Amino acid sequence: MTLPRTDRGRLLLVLALAAAVTAFTATVPMLRDWFDLRVYYGAVNSWIHHGGRIYDYQVPGTTYGFTYPPFAAVSMLPMALVGWRTAVAGSLLLNLAALAWILHILTEGAWRRYGWFAWALGACLLALFEPVRDTFSFGQVNLLLLALVLTDAWLLTNGRERWAGVGIGLAAAIKLTPAVFIGLLLLARRWRAAALASAVTAGATAFAAWVAPGASRFYWTQALWDTSRVGRLEYVSNQSLQGILARLGESDRKVWALAVLVVLGIWTWRTLQAVAAADWPAAFALTGLTACLVSPITWVHHLVWLLPSFAVLIRAGHPRVAGGLYAVLCTSVVWLWFHDASGVDGFLGSNTYTWITLGLLLWLPVGQLRADSPPLPRSTSTTAPAPSTTAPETTPAAGHPGPPSGATAMGVACGSGRGLPSSASSEPTGSTRPAASNPQSSSSRASS
């Protein structure tokens, strides 16, 4: 497909895409009415203003309440100072800022060089991506956590390792799933970053225990182990290994544990390949995929962790594969089996997103990032000369091999000669159970 070269043509294309996106989102009703934000807001306000207990709060008319570690509630305390509309606006702004930072990291700022056209195209594409749609509509924190984790990747690959690990540590204290990235740091033998991430997680958790000792005791001894607080494992939105087994009627936890061990083994093998190839983007992408698979519950909106994988595919010269998989994740196809996931079609269709995640874990290119990917056309109104795309020649430091042949910097910046060292140097969430027969109606149960 040839993109228009004039500003008028680009504007017409953007307007047409915006109209298509608007029609799609109006036809496929996925509006969640800020349900998860209502959980956060209600729990914090009940705790601060009414003397309630964090984990006793339930959204009126439902049986769903706060499911995150206590530090998450502590970090959300500013919501107790503002009204509901302000909280909604703040959620939107924070998610927009996080998404912009994520794109900046994954493209290493390339979007800024291509002007409004690239931003407009990106906004249309991301508005279609179901995990992003749900994150905004739920008022969720997924993009904020991804931004924290990718910030550490950016620090590690830009010679700013002093603070690397803080983002992962904070993310793991807010939700449990990002803790798997500490495992990545250990596999890469980034001992200092791993120690800092662990210390930040422990410190944040201890601080929350000091602020809310009763809530902390209840969470770590009871709430964490009670999956009924989170939602039904067999619910079609649960796109994890546990979700597949639950929809098959397999309730033996030993089977799930075995599947998790197999996936962790594949992740270790593939991540060590990325370590050997000095490929940070692939290493972080593989870890995000693994986190989605091994978590007992991975709601659809948690799959924003797949975004780094699509960036890796594009930079490795597989834009069609990335585009095809991305398009499937825009369709909400798994909801076709909301009522009945039985049979072969149910087994394959209701787990579509899990198959994509597993396929990416197995076949995501490692060490194949290249610099010859064609850039987006520049705006014709730009008069300044284009910045040089030729990276300065660098000499790897001892013990740190340079990037693989053809590698280029990208987001989780690979390619500047500051890659990985060549030597190997279950998070509870809410349910999205709909209240009406339409699984995607605005009255659907959102997920935290």
# chains A, B, ... in the order shown; residues from 1 in each chain; ligands from 1
>>> select_by_dssp(residues="stretch 42-86 of chain A", states="helix (DSSP H, G or I)", output="MDAnalysis selection string")
chainID A and resid 42:50 54:56 70:75 77:81 84:86
>>> closest_atom_pairs(of="stretch 124-192 of chain A", to="stretch 301-316 of chain A", cutoff="6 Å", atoms="only C-alpha atoms", output="tab-separated table")
residue	atom	partner	partner_atom	distance
A:Pro131	CA	A:His301	CA	3.9
A:Asp134	CA	A:His301	CA	5.3
A:Thr135	CA	A:His301	CA	5.5
>>> atom_distance(atom1="atom CA of A:Thr298", atom2="atom CA of A:Leu241")
8.8 Å
>>> closest_residue(among="A:Ala100, A:Ala118, A:Leu360, A:Ala188", to="A:Ala147", atoms="only C-alpha atoms")
A:Ala100
>>> closest_atom_pairs(of="stretch 188-286 of chain A", to="stretch 61-75 of chain A", cutoff="10 Å", atoms="only C-alpha atoms", output="CSV")
residue,atom,partner,partner_atom,distance
A:Thr201,CA,A:Phe71,CA,9.4
A:Gly203,CA,A:Phe71,CA,10.0
A:Ala204,CA,A:Phe71,CA,6.4
A:Thr205,CA,A:Phe71,CA,5.9
A:Ala206,CA,A:Phe71,CA,8.6
A:Phe207,CA,A:Phe71,CA,7.6
A:Ala208,CA,A:Phe71,CA,4.9
A:Ala209,CA,A:Pro70,CA,7.5
A:Val211,CA,A:Val74,CA,7.8
A:Ala212,CA,A:Pro70,CA,7.4
A:Pro213,CA,A:Pro70,CA,9.1
A:Gly214,CA,A:Pro70,CA,9.8
A:Ala215,CA,A:Pro70,CA,6.6
A:Ser216,CA,A:Pro70,CA,5.7
A:Arg217,CA,A:Pro70,CA,9.4
A:Phe218,CA,A:Pro70,CA,9.6
A:Tyr219,CA,A:Pro69,CA,6.7
A:Trp220,CA,A:Pro69,CA,8.0
A:Ala223,CA,A:Thr67,CA,7.4
A:Leu224,CA,A:Thr67,CA,7.9
A:Asp226,CA,A:Thr67,CA,9.8
A:Thr227,CA,A:Thr67,CA,9.6
A:Ser228,CA,A:Tyr64,CA,9.6
A:Arg229,CA,A:Tyr64,CA,6.8
A:Val230,CA,A:Thr67,CA,6.6
A:Gly231,CA,A:Tyr64,CA,8.3
>>> atom_distance(atom1="atom CA of A:Asn238", atom2="atom CA of A:Ile297")
5.5 Å
>>> atom_distance(atom1="atom CA of A:Gly183", atom2="atom CA of A:Ser198")
10.2 Å
>>> residues_around(residues="A:Gln239", least_positions_apart="3", cutoff="10 Å", atoms="only C-alpha atoms", output="list of chain:residue names")
A:Leu233, A:Glu234, A:Tyr235, A:Val236, A:Gln242, A:Gly243, A:Ile244, A:Cys292, A:Leu293, A:Ser295, A:Pro296, A:Ile297, A:Thr298, A:Trp299, A:Val300, A:His301, A:His302, A:Leu303, A:Val334, A:Ser350, A:Asn351, A:Thr352, A:Tyr353, A:Thr354, A:Trp355, A:Thr357
>>> write_last_selection(atoms="C-alpha atoms", output="PDB file, in the first residue's frame")
ATOM      1  CA  LEU A 233     -11.255 -18.632  35.722  1.00  0.00           C
ATOM      2  CA  GLU A 234     -13.284 -20.003  32.798  1.00  0.00           C
ATOM      3  CA  TYR A 235     -14.568 -16.567  31.769  1.00  0.00           C
ATOM      4  CA  VAL A 236     -13.721 -15.991  28.105  1.00  0.00           C
ATOM      5  CA  GLN A 242      -5.282 -21.277  33.326  1.00  0.00           C
ATOM      6  CA  GLY A 243      -8.137 -19.870  31.263  1.00  0.00           C
ATOM      7  CA  ILE A 244      -7.699 -22.577  28.613  1.00  0.00           C
ATOM      8  CA  CYS A 292       0.477 -13.097  30.305  1.00  0.00           C
ATOM      9  CA  LEU A 293       0.632 -16.877  29.890  1.00  0.00           C
ATOM     10  CA  SER A 295      -0.583 -15.513  35.355  1.00  0.00           C
ATOM     11  CA  PRO A 296      -3.639 -17.399  36.660  1.00  0.00           C
ATOM     12  CA  ILE A 297      -5.860 -14.709  35.179  1.00  0.00           C
ATOM     13  CA  THR A 298      -4.952 -12.574  32.175  1.00  0.00           C
ATOM     14  CA  TRP A 299      -7.924 -10.490  31.147  1.00  0.00           C
ATOM     15  CA  VAL A 300      -7.972  -9.189  27.596  1.00  0.00           C
ATOM     16  CA  HIS A 301      -6.917  -5.715  28.687  1.00  0.00           C
ATOM     17  CA  HIS A 302      -3.732  -7.155  30.221  1.00  0.00           C
ATOM     18  CA  LEU A 303      -2.540  -8.012  26.718  1.00  0.00           C
ATOM     19  CA  VAL A 334     -13.005 -14.347  21.498  1.00  0.00           C
ATOM     20  CA  SER A 350     -12.295 -18.793  22.643  1.00  0.00           C
ATOM     21  CA  ASN A 351      -8.535 -19.027  23.226  1.00  0.00           C
ATOM     22  CA  THR A 352      -7.470 -17.109  20.120  1.00  0.00           C
ATOM     23  CA  TYR A 353      -5.506 -14.463  21.983  1.00  0.00           C
ATOM     24  CA  THR A 354      -3.726 -17.095  24.073  1.00  0.00           C
ATOM     25  CA  TRP A 355      -2.664 -18.940  20.904  1.00  0.00           C
ATOM     26  CA  THR A 357       0.669 -15.075  22.789  1.00  0.00           C
TER      27      THR A 357
END
>>> residues_around(residues="A:Leu325", least_positions_apart="5", cutoff="9 Å", atoms="only C-alpha atoms", output="PDB file with all heavy atoms, in the first residue's frame")
ATOM      1  N   PHE A 310       5.055  -6.735  18.874  1.00  0.00           N
ATOM      2  CA  PHE A 310       4.753  -6.225  17.542  1.00  0.00           C
ATOM      3  C   PHE A 310       5.864  -5.290  17.062  1.00  0.00           C
ATOM      4  O   PHE A 310       6.212  -5.283  15.877  1.00  0.00           O
ATOM      5  CB  PHE A 310       3.407  -5.505  17.547  1.00  0.00           C
ATOM      6  CG  PHE A 310       2.244  -6.409  17.831  1.00  0.00           C
ATOM      7  CD1 PHE A 310       1.373  -6.146  18.877  1.00  0.00           C
ATOM      8  CD2 PHE A 310       2.027  -7.541  17.076  1.00  0.00           C
ATOM      9  CE1 PHE A 310       0.306  -6.982  19.146  1.00  0.00           C
ATOM     10  CE2 PHE A 310       0.964  -8.399  17.332  1.00  0.00           C
ATOM     11  CZ  PHE A 310       0.102  -8.113  18.370  1.00  0.00           C
ATOM     12  N   ARG A 320       4.047  -7.619   7.950  1.00  0.00           N
ATOM     13  CA  ARG A 320       2.768  -8.250   7.600  1.00  0.00           C
ATOM     14  C   ARG A 320       2.312  -9.203   8.697  1.00  0.00           C
ATOM     15  O   ARG A 320       1.125  -9.282   9.010  1.00  0.00           O
ATOM     16  CB  ARG A 320       2.899  -8.984   6.272  1.00  0.00           C
ATOM     17  CG  ARG A 320       3.094  -8.054   5.075  1.00  0.00           C
ATOM     18  CD  ARG A 320       3.142  -8.821   3.776  1.00  0.00           C
ATOM     19  NE  ARG A 320       3.302  -7.925   2.641  1.00  0.00           N
ATOM     20  CZ  ARG A 320       3.405  -8.325   1.368  1.00  0.00           C
ATOM     21  NH1 ARG A 320       3.355  -9.638   1.105  1.00  0.00           N
ATOM     22  NH2 ARG A 320       3.546  -7.450   0.405  1.00  0.00           N
ATOM     23  N   CYS A 330      -7.698  -6.836  17.356  1.00  0.00           N
ATOM     24  CA  CYS A 330      -8.613  -5.702  17.287  1.00  0.00           C
ATOM     25  C   CYS A 330     -10.068  -6.147  17.119  1.00  0.00           C
ATOM     26  O   CYS A 330     -10.987  -5.332  17.239  1.00  0.00           O
ATOM     27  CB  CYS A 330      -8.244  -4.782  16.115  1.00  0.00           C
ATOM     28  SG  CYS A 330      -6.668  -3.915  16.282  1.00  0.00           S
ATOM     29  N   ILE A 356      -2.135 -16.701  20.098  1.00  0.00           N
ATOM     30  CA  ILE A 356      -1.235 -15.675  19.557  1.00  0.00           C
ATOM     31  C   ILE A 356      -0.074 -15.426  20.513  1.00  0.00           C
ATOM     32  O   ILE A 356       1.089 -15.345  20.104  1.00  0.00           O
ATOM     33  CB  ILE A 356      -2.011 -14.370  19.292  1.00  0.00           C
ATOM     34  CG1 ILE A 356      -2.988 -14.569  18.120  1.00  0.00           C
ATOM     35  CG2 ILE A 356      -1.060 -13.211  19.007  1.00  0.00           C
ATOM     36  CD1 ILE A 356      -3.869 -13.369  17.856  1.00  0.00           C
TER      37      ILE A 356
END
>>> closest_residue(among="A:Leu103, A:Ala87, A:Ala283, A:Leu336", to="A:Ser237", atoms="only C-alpha atoms")
A:Leu336
>>> closest_residue(among="A:Gly51, A:Gly42, A:Gly288, A:Gly115", to="A:Arg10", atoms="only C-alpha atoms")
A:Gly115
>>> closest_residue(among="A:Val82, A:Ala197, A:Leu93, A:Ala23", to="A:Ile168", atoms="only C-alpha atoms")
A:Ala197
>>> residues_around(residues="A:Leu261", least_positions_apart="6", cutoff="10 Å", atoms="only C-alpha atoms", output="list in words")
Val255, Trp267 and Val294 of chain A
>>> write_last_selection(atoms="N, CA and C atoms", output="short mmCIF file (atom, residue, chain, number, x, y, z; two decimals), in the first residue's frame")
data_model
loop_
_atom_site.label_atom_id
_atom_site.label_comp_id
_atom_site.auth_asym_id
_atom_site.auth_seq_id
_atom_site.Cartn_x
_atom_site.Cartn_y
_atom_site.Cartn_z
N VAL A 255 -1.89 -29.82 36.84
CA VAL A 255 -1.82 -29.71 35.38
C VAL A 255 -1.41 -28.30 34.99
N TRP A 267 10.56 -19.85 27.96
CA TRP A 267 10.96 -18.44 28.16
C TRP A 267 12.44 -18.34 28.52
N VAL A 294 1.52 -17.20 32.14
CA VAL A 294 1.62 -17.92 33.41
C VAL A 294 0.75 -17.33 34.51
#
>>> closest_residue(among="A:Thr290, A:Leu17, A:Ala153, A:Ala276", to="A:Thr177", atoms="only C-alpha atoms")
A:Thr290
